[in-house]
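Quick look at model_22.pdb (PDB, C-alpha atoms):
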MODEL        1
ATOM      1  CA  MET A   1     116.053 123.069  89.604
ATOM      2  CA  ALA A   2     118.398 125.915  90.555
ATOM      3  CA  ASP A   3     120.697 125.228  87.590
ATOM      4  CA  GLY A   4     117.881 125.627  85.044
ATOM      5  CA  SER A   5     117.328 121.903  84.560
ATOM      6  CA  LEU A   6     114.112 119.988  85.165
ATOM      7  CA  ALA A   7     113.781 116.858  87.335
ATOM      8  CA  THR A   8     111.067 114.456  86.237
ATOM      9  CA  PHE A   9     110.039 110.787  86.279
ATOM     10  CA  ARG A  10     110.163 108.261  83.451
ATOM     11  CA  ALA A  11     109.414 104.559  83.094
ATOM     12  CA  ASP A  12     112.473 102.356  82.961
ATOM     13  CA  ALA A  13     113.152  99.282  80.851
ATOM     14  CA  ASN A  14     111.589  96.892  83.391
ATOM     15  CA  ALA A  15     108.118  98.468  83.260
ATOM     16  CA  ALA A  16     106.593  96.006  80.770
ATOM     17  CA  ARG A  17     108.065  92.986  82.578
ATOM     18  CA  PHE A  18     106.757  94.247  85.913
ATOM     19  CA  ASN A  19     103.268  94.880  84.522
ATOM     20  CA  GLU A  20     103.121  91.269  83.303
ATOM     21  CA  SER A  21     104.195  90.004  86.753
ATOM     22  CA  ALA A  22     101.608  92.213  88.430
ATOM     23  CA  LYS A  23      98.861  90.841  86.197
ATOM     24  CA  ARG A  24      99.828  87.240  87.070
ATOM     25  CA  LEU A  25      99.825  88.067  90.789
ATOM     26  CA  ALA A  26      96.570  90.001  90.840
ATOM     27  CA  MET A  27      93.747  88.302  92.695
ATOM     28  CA  PRO A  28      90.291  88.461  91.091
ATOM     29  CA  GLU A  29      88.970  90.768  93.816
ATOM     30  CA  LEU A  30      91.899  93.189  93.420
ATOM     31  CA  PRO A  31      92.129  95.145  90.165
ATOM     32  CA  VAL A  32      95.567  95.179  88.563
ATOM     33  CA  GLU A  33      95.573  98.972  88.988
ATOM     34  CA  THR A  34      96.240  98.439  92.714
ATOM     35  CA  PHE A  35      99.730  97.272  91.782
ATOM     36  CA  VAL A  36     102.473  99.687  90.823
ATOM     37  CA  GLU A  37     101.992 100.424  87.126
ATOM     38  CA  SER A  38     105.660 100.800  86.232
ATOM     39  CA  LEU A  39     109.086 101.331  87.663
ATOM     40  CA  ARG A  40     110.401 104.865  87.626
ATOM     41  CA  GLN A  41     113.581 106.846  87.415
ATOM     42  CA  ILE A  42     114.241 110.423  88.427
ATOM     43  CA  VAL A  43     116.102 112.146  85.621
ATOM     44  CA  ARG A  44     117.619 115.594  85.172
ATOM     45  CA  ILE A  45     116.941 117.190  81.806
ATOM     46  CA  ASP A  46     119.037 120.118  80.642
ATOM     47  CA  LEU A  47     116.413 122.355  79.054
ATOM     48  CA  ALA A  48     118.933 124.065  76.790
ATOM     49  CA  SER A  49     120.491 120.949  75.266
ATOM     50  CA  GLY A  50     117.860 118.288  75.951
ATOM     51  CA  ALA A  51     120.511 116.024  77.517
ATOM     52  CA  SER A  52     119.328 113.834  80.373
ATOM     53  CA  ALA A  53     121.007 112.086  83.288
ATOM     54  CA  VAL A  54     119.527 109.521  85.684
ATOM     55  CA  LEU A  55     119.602 110.853  89.253
ATOM     56  CA  ALA A  56     117.966 107.841  90.933
ATOM     57  CA  SER A  57     116.280 104.556  89.991
ATOM     58  CA  SER A  58     113.906 102.431  92.016
ATOM     59  CA  VAL A  59     115.519  99.068  91.224
ATOM     60  CA  ASP A  60     117.590  97.775  88.340
ATOM     61  CA  GLU A  61     115.874  94.422  88.113
ATOM     62  CA  LEU A  62     112.796  92.863  89.680
ATOM     63  CA  PRO A  63     112.816  89.511  91.433
ATOM     64  CA  ASP A  64     111.210  86.612  89.610
ATOM     65  CA  ALA A  65     107.408  86.678  90.014
ATOM     66  CA  GLY A  66     107.639  83.412  91.979
ATOM     67  CA  PHE A  67     109.162  85.388  94.863
ATOM     68  CA  LEU A  68     106.456  88.086  94.930
ATOM     69  CA  ALA A  69     103.628  87.523  97.411
ATOM     70  CA  ALA A  70     100.111  88.605  96.481
ATOM     71  CA  ALA A  71      98.151  90.665  98.993
ATOM     72  CA  ARG A  72      94.953  89.136 100.332
ATOM     73  CA  PRO A  73      92.554  91.621 101.958
ATOM     74  CA  ILE A  74      91.222  90.392 105.305
ATOM     75  CA  GLU A  75      88.684  91.626 107.837
ATOM     76  CA  PHE A  76      88.838  90.435 111.429
ATOM     77  CA  PRO A  77      87.215  91.113 114.792
ATOM     78  CA  SER A  78      88.996  93.547 117.078
ATOM     79  CA  ALA A  79      88.419  95.096 120.518
ATOM     80  CA  ARG A  80      84.958  96.222 121.614
ATOM     81  CA  GLY A  81      83.247  94.461 118.701
ATOM     82  CA  ARG A  82      84.976  96.460 115.950
ATOM     83  CA  THR A  83      85.911  95.014 112.576
ATOM     84  CA  ALA A  84      89.419  95.902 111.400
ATOM     85  CA  HIS A  85      91.154  95.545 108.029
ATOM     86  CA  ALA A  86      94.550  94.386 106.753
ATOM     87  CA  PHE A  87      96.405  92.801 103.855
ATOM     88  CA  TYR A  88      97.841  89.322 104.439
ATOM     89  CA  TYR A  89     100.891  88.094 102.520
ATOM     90  CA  ALA A  90     101.627  84.367 102.695
ATOM     91  CA  PRO A  91     105.182  82.999 102.506
ATOM     92  CA  THR A  92     106.146  82.708  98.832
ATOM     93  CA  HIS A  93     109.190  80.969  97.415
ATOM     94  CA  PRO A  94     109.239  78.883  94.216
ATOM     95  CA  ALA A  95     111.738  76.313  95.537
ATOM     96  CA  PHE A  96     110.688  75.815  99.169
ATOM     97  CA  VAL A  97     107.580  74.795 101.094
ATOM     98  CA  ALA A  98     107.068  74.561 104.839
ATOM     99  CA  LEU A  99     107.199  71.232 106.642
ATOM    100  CA  GLN A 100     103.857  69.477 107.093
ATOM    101  CA  GLY A 101     101.933  71.147 109.935
ATOM    102  CA  GLU A 102     104.431  74.000 110.258
ATOM    103  CA  ARG A 103     102.924  77.477 110.557
ATOM    104  CA  PRO A 104     104.988  80.472 109.452
ATOM    105  CA  PRO A 105     106.355  83.162 111.738
ATOM    106  CA  LEU A 106     104.485  86.464 111.331
ATOM    107  CA  VAL A 107     105.681  90.028 110.850
ATOM    108  CA  VAL A 108     102.987  92.573 111.792
ATOM    109  CA  THR A 109     103.267  96.017 110.207
ATOM    110  CA  SER A 110     101.086  99.094 109.987
ATOM    111  CA  HIS A 111     101.301 102.344 108.101
ATOM    112  CA  GLY A 112     102.366 105.672 109.528
ATOM    113  CA  GLY A 113      99.573 107.897 110.517
ATOM    114  CA  PRO A 114      97.507 108.634 112.285
ATOM    115  CA  THR A 115      95.151 108.920 109.300
ATOM    116  CA  SER A 116      96.672 107.215 106.304
ATOM    117  CA  SER A 117      96.385 103.713 104.895
ATOM    118  CA  THR A 118      98.422 100.883 103.500
ATOM    119  CA  ASN A 119      97.827  99.472 100.019
ATOM    120  CA  THR A 120      98.846  96.603  97.803
ATOM    121  CA  SER A 121     101.570  98.343  95.810
ATOM    122  CA  LEU A 122     104.805  96.430  95.331
ATOM    123  CA  ARG A 123     106.991  96.806  98.408
ATOM    124  CA  LEU A 124     110.135  94.772  98.265
ATOM    125  CA  ASN A 125     110.491  94.941 102.064
ATOM    126  CA  VAL A 126     107.334  92.784 102.388
ATOM    127  CA  ASN A 127     108.642  90.323  99.806
ATOM    128  CA  PHE A 128     111.993  90.158 101.577
ATOM    129  CA  TRP A 129     110.195  88.469 104.493
ATOM    130  CA  THR A 130     107.705  86.356 102.520
ATOM    131  CA  SER A 131     110.457  84.931 100.295
ATOM    132  CA  ARG A 132     112.212  83.758 103.471
ATOM    133  CA  GLY A 133     109.284  81.845 104.936
ATOM    134  CA  PHE A 134     107.597  84.581 106.967
ATOM    135  CA  ALA A 135     103.982  85.671 106.629
ATOM    136  CA  VAL A 136     103.319  89.426 106.761
ATOM    137  CA  VAL A 137     100.153  91.239 107.800
ATOM    138  CA  ASP A 138      99.928  94.956 107.002
ATOM    139  CA  VAL A 139      97.174  96.463 109.174
ATOM    140  CA  ASN A 140      94.824  99.305 108.300
ATOM    141  CA  TYR A 141      93.900  99.936 111.924
ATOM    142  CA  GLY A 142      90.898 101.925 113.120
ATOM    143  CA  GLY A 143      91.747 105.488 112.147
ATOM    144  CA  SER A 144      92.917 104.522 108.648
ATOM    145  CA  THR A 145      91.475 106.247 105.622
ATOM    146  CA  GLY A 146      89.479 104.432 102.956
ATOM    147  CA  TYR A 147      86.892 102.725 105.179
ATOM    148  CA  GLY A 148      84.555 105.643 105.837
ATOM    149  CA  ARG A 149      84.455 108.493 108.326
ATOM    150  CA  PRO A 150      83.343 106.452 111.367
ATOM    151  CA  TYR A 151      86.314 104.088 110.887
ATOM    152  CA  ARG A 152      88.748 106.983 110.448
ATOM    153  CA  GLU A 153      87.434 108.684 113.596
ATOM    154  CA  LEU A 154      88.048 105.575 115.754
ATOM    155  CA  LEU A 155      91.560 106.820 116.482
ATOM    156  CA  HIS A 156      90.391 110.227 117.764
ATOM    157  CA  HIS A 157      91.821 110.606 121.294
ATOM    158  CA  ALA A 158      92.886 106.945 121.114
ATOM    159  CA  TRP A 159      96.359 106.973 119.500
ATOM    160  CA  GLY A 160      98.394 104.039 120.676
ATOM    161  CA  ILE A 161      95.251 102.217 121.773
ATOM    162  CA  VAL A 162      93.039 101.430 118.768
ATOM    163  CA  ASP A 163      95.985 100.954 116.415
ATOM    164  CA  VAL A 164      97.746  98.568 118.792
ATOM    165  CA  GLU A 165      94.512  96.668 119.541
ATOM    166  CA  ASP A 166      93.943  96.134 115.815
ATOM    167  CA  CYS A 167      97.522  94.949 115.206
ATOM    168  CA  VAL A 168      97.220  92.442 118.073
ATOM    169  CA  ALA A 169      93.797  91.340 116.804
ATOM    170  CA  ALA A 170      95.206  90.761 113.291
ATOM    171  CA  ALA A 171      97.990  88.531 114.669
ATOM    172  CA  ARG A 172      95.559  86.536 116.828
ATOM    173  CA  HIS A 173      93.117  86.165 113.932
ATOM    174  CA  LEU A 174      95.808  84.709 111.661
ATOM    175  CA  ALA A 175      97.086  82.378 114.391
ATOM    176  CA  GLU A 176      93.562  81.086 115.072
ATOM    177  CA  ARG A 177      93.189  80.240 111.385
ATOM    178  CA  GLY A 178      96.530  78.420 111.202
ATOM    179  CA  LEU A 179      98.109  81.086 108.996
ATOM    180  CA  ALA A 180     100.739  82.122 111.558
ATOM    181  CA  ASP A 181     102.627  80.593 114.477
ATOM    182  CA  PRO A 182     101.419  82.291 117.696
ATOM    183  CA  GLN A 183     104.847  81.710 119.297
ATOM    184  CA  ARG A 184     106.774  83.470 116.517
ATOM    185  CA  MET A 185     105.345  86.939 115.925
ATOM    186  CA  ALA A 186     106.944  90.363 115.711
TER     187      ALA A 186
ENDMDL
END
Could you render the structure as structure tokens?
Amino acid sequence: MADGSLATFRADANAARFNESAKRLAMPELPVETFVESLRQIVRIDLASGASAVLASSVDELPDAGFLAAARPIEFPSARGRTAHAFYYAPTHPAFVALQGERPPLVVTSHGGPTSSTNTSLRLNVNFWTSRGFAVVDVNYGGSTGYGRPYRELLHHAWGIVDVEDCVAAARHLAERGLADPQRMA
């Protein structure tokens, strides 16, 4: 930094607790490494004295693991016979369950892009919704990385078309399987 100090990352005191929660949440088909390995802080270290100061922390304390939804990878049919990909997060709350026959409202999200991808790292914004009774689907639409070159090239000259088609297809797919209420989607 300009003042001769160094900014770096370090694990905070919650790292071990989070790793245990991540291991309990991991699904057999998803290696634990797909979850965030530890929480971090940004610290300033004065190189002359060795003194350090915390500049920013991710979170002070994690929610109980019972509030953290596990990602389930899904594939589903989309427009023009394509197969698209997403991660589905079911509503998760240790003290509440839906009424018999009730399907959850659905929040549909997708990553920025055009060529990027979403993953299963801990994102408290997803768990905000799932802990309140919503399902969340995070779509890796055609054009996303990680599914091969032909999949990534689907978005070429089709921004706002392929990505939207795949988000709509994900919502319909989940509604058809009873995992989301088709009348309550955003």
Exercise. What is the distance, in Å and to one decimal place, between atom CA of Ile42 of chain A and atom CA of Leu124 of chain A?
Worked result: 18.9 Å
Could you give me, as a Markdown table, a per-residue list for segment 145-168 of chain A showing, wherever an atom lies at most 12 Å from an atom of segment 105-110 of chain A, the closest pair of atoms and their distance in Å to one decimal, using only C-alpha atoms and sorting by chain then residue number from low to high?
| residue | atom | partner | partner_atom | distance |
| --- | --- | --- | --- | --- |
| A:Asp163 | CA | A:Ser110 | CA | 8.4 |
| A:Val164 | CA | A:Ser110 | CA | 9.4 |
| A:Glu165 | CA | A:Ser110 | CA | 11.8 |
| A:Asp166 | CA | A:Ser110 | CA | 9.7 |
| A:Cys167 | CA | A:Val108 | CA | 6.9 |
| A:Val168 | CA | A:Val108 | CA | 8.5 |
Problem set entry | Residues matched by the PyMOL selection byres ((chain A and resi 94) around 8) as a list of chain:residue names |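 Listing what the PyMOL selection byres ((chain A and resi 94) around 8) selects in the shown file: A:Gly66, A:Phe67, A:Thr92, A:His93, A:Ala95, A:Phe96.
Closest approach to Val136 of chain A from the set A:Gly101, A:Gly148, A:Pro73, A:Gly112 is made by A:Pro73, with distances taken over all atoms listed in the file.
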For this session: Would you mind reading off the distance between atom CA of Pro77 of chain A and atom CA of Ser131 of chain A, one decimal, in Å?
Result: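 Between these atoms lies a distance of 28.1 Å.
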Problem set entry | Of the listed residues A:Gly146, A:Thr120, A:Val162, A:Asn127, that which approaches Arg82 of chain A most closely, counting only C-alpha atoms | A:Val162
Exercise. Residues at most 7 Å from Ala71 of chain A, counting all atoms listed in the file, excluding those fewer than 4 positions away in the same chain, as a list in words?
Worked result: Phe87, Tyr88, Tyr89 and Thr120 of chain A
Exercise. Hey, which of A:Val54, A:Leu154, A:Ile74, A:Ala90 ends up closest to Ala169 of chain A? Count only C-alpha atoms.
Worked result: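 Ranked by minimum distance to Ala169 of chain A, first place goes to A:Ile74.
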Problem set entry | Straight-line distance linking atom CA of Leu62 of chain A with atom CA of Val137 of chain A, stated in Å to one decimal |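 Going from atom CA of Leu62 of chain A over to atom CA of Val137 of chain A covers 22.2 Å.
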Expected answer as a PDB file with C-alpha atoms, in the coordinates of the input: all residues with atoms within 8 Å of (116.6, 111.5, 81.2), all atoms listed in the file:
ATOM      1  CA  ARG A  10     110.163 108.261  83.451  1.00  0.00           C
ATOM      2  CA  ILE A  42     114.241 110.423  88.427  1.00  0.00           C
ATOM      3  CA  VAL A  43     116.102 112.146  85.621  1.00  0.00           C
ATOM      4  CA  ARG A  44     117.619 115.594  85.172  1.00  0.00           C
ATOM      5  CA  ILE A  45     116.941 117.190  81.806  1.00  0.00           C
ATOM      6  CA  ALA A  51     120.511 116.024  77.517  1.00  0.00           C
ATOM      7  CA  SER A  52     119.328 113.834  80.373  1.00  0.00           C
ATOM      8  CA  ALA A  53     121.007 112.086  83.288  1.00  0.00           C
ATOM      9  CA  VAL A  54     119.527 109.521  85.684  1.00  0.00           C
TER      10      VAL A  54
END
Exercise. So, counting only C-alpha atoms, which residue among A:Gly81, A:Trp159, A:Ala69, A:Ala175 is closest to Asn125 of chain A?
Worked result: A:Ala69
Just want the 8 Å neighbourhood of Arg184 of chain A, counted on only C-alpha atoms, with same-chain residues fewer than 2 positions away dropped. Output as a CSV table (one decimal) with C-alpha atoms, in the frame of the given file.
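Okay, around_14.csv is ready:
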chain,number,residue,atom,x,y,z
A,104,PRO,CA,105.0,80.5,109.5
A,105,PRO,CA,106.4,83.2,111.7
A,106,LEU,CA,104.5,86.5,111.3
A,180,ALA,CA,100.7,82.1,111.6
A,181,ASP,CA,102.6,80.6,114.5
A,182,PRO,CA,101.4,82.3,117.7
A,186,ALA,CA,106.9,90.4,115.7
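Minimum atom-to-atom distances from A:Arg103, A:His157, A:Arg177, A:His85 to Gly142 of chain A were compared using all atoms listed in the file, and the lowest value belongs to A:His85.
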Problem set entry | Near-His111 of chain A list (10 Å; all atoms listed in the file; drop same-chain fewer than 2 positions) as a PyMOL selection string | chain A and resi 109+113-119+138-141+144+163
For this session: Using all atoms listed in the file, pick whichever of A:Leu122, A:Ala56, A:Thr83, A:Phe134 has the shortest atom-to-atom distance to Val97 of chain A.
Result: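 Checking each of A:Leu122, A:Ala56, A:Thr83, A:Phe134 against Val97 of chain A, counting all atoms listed in the file, the winner is A:Phe134.
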If I wrap all listed atoms of segment 154-169 of chain A in a box with edges along x, y and z and add 4 Å on each side, what are its centre and edge lengths in Å to one decimal, as JSON?
{"center_x": 93.2, "center_y": 101.0, "center_z": 118.5, "size_x": 18.3, "size_y": 27.3, "size_z": 14.6}
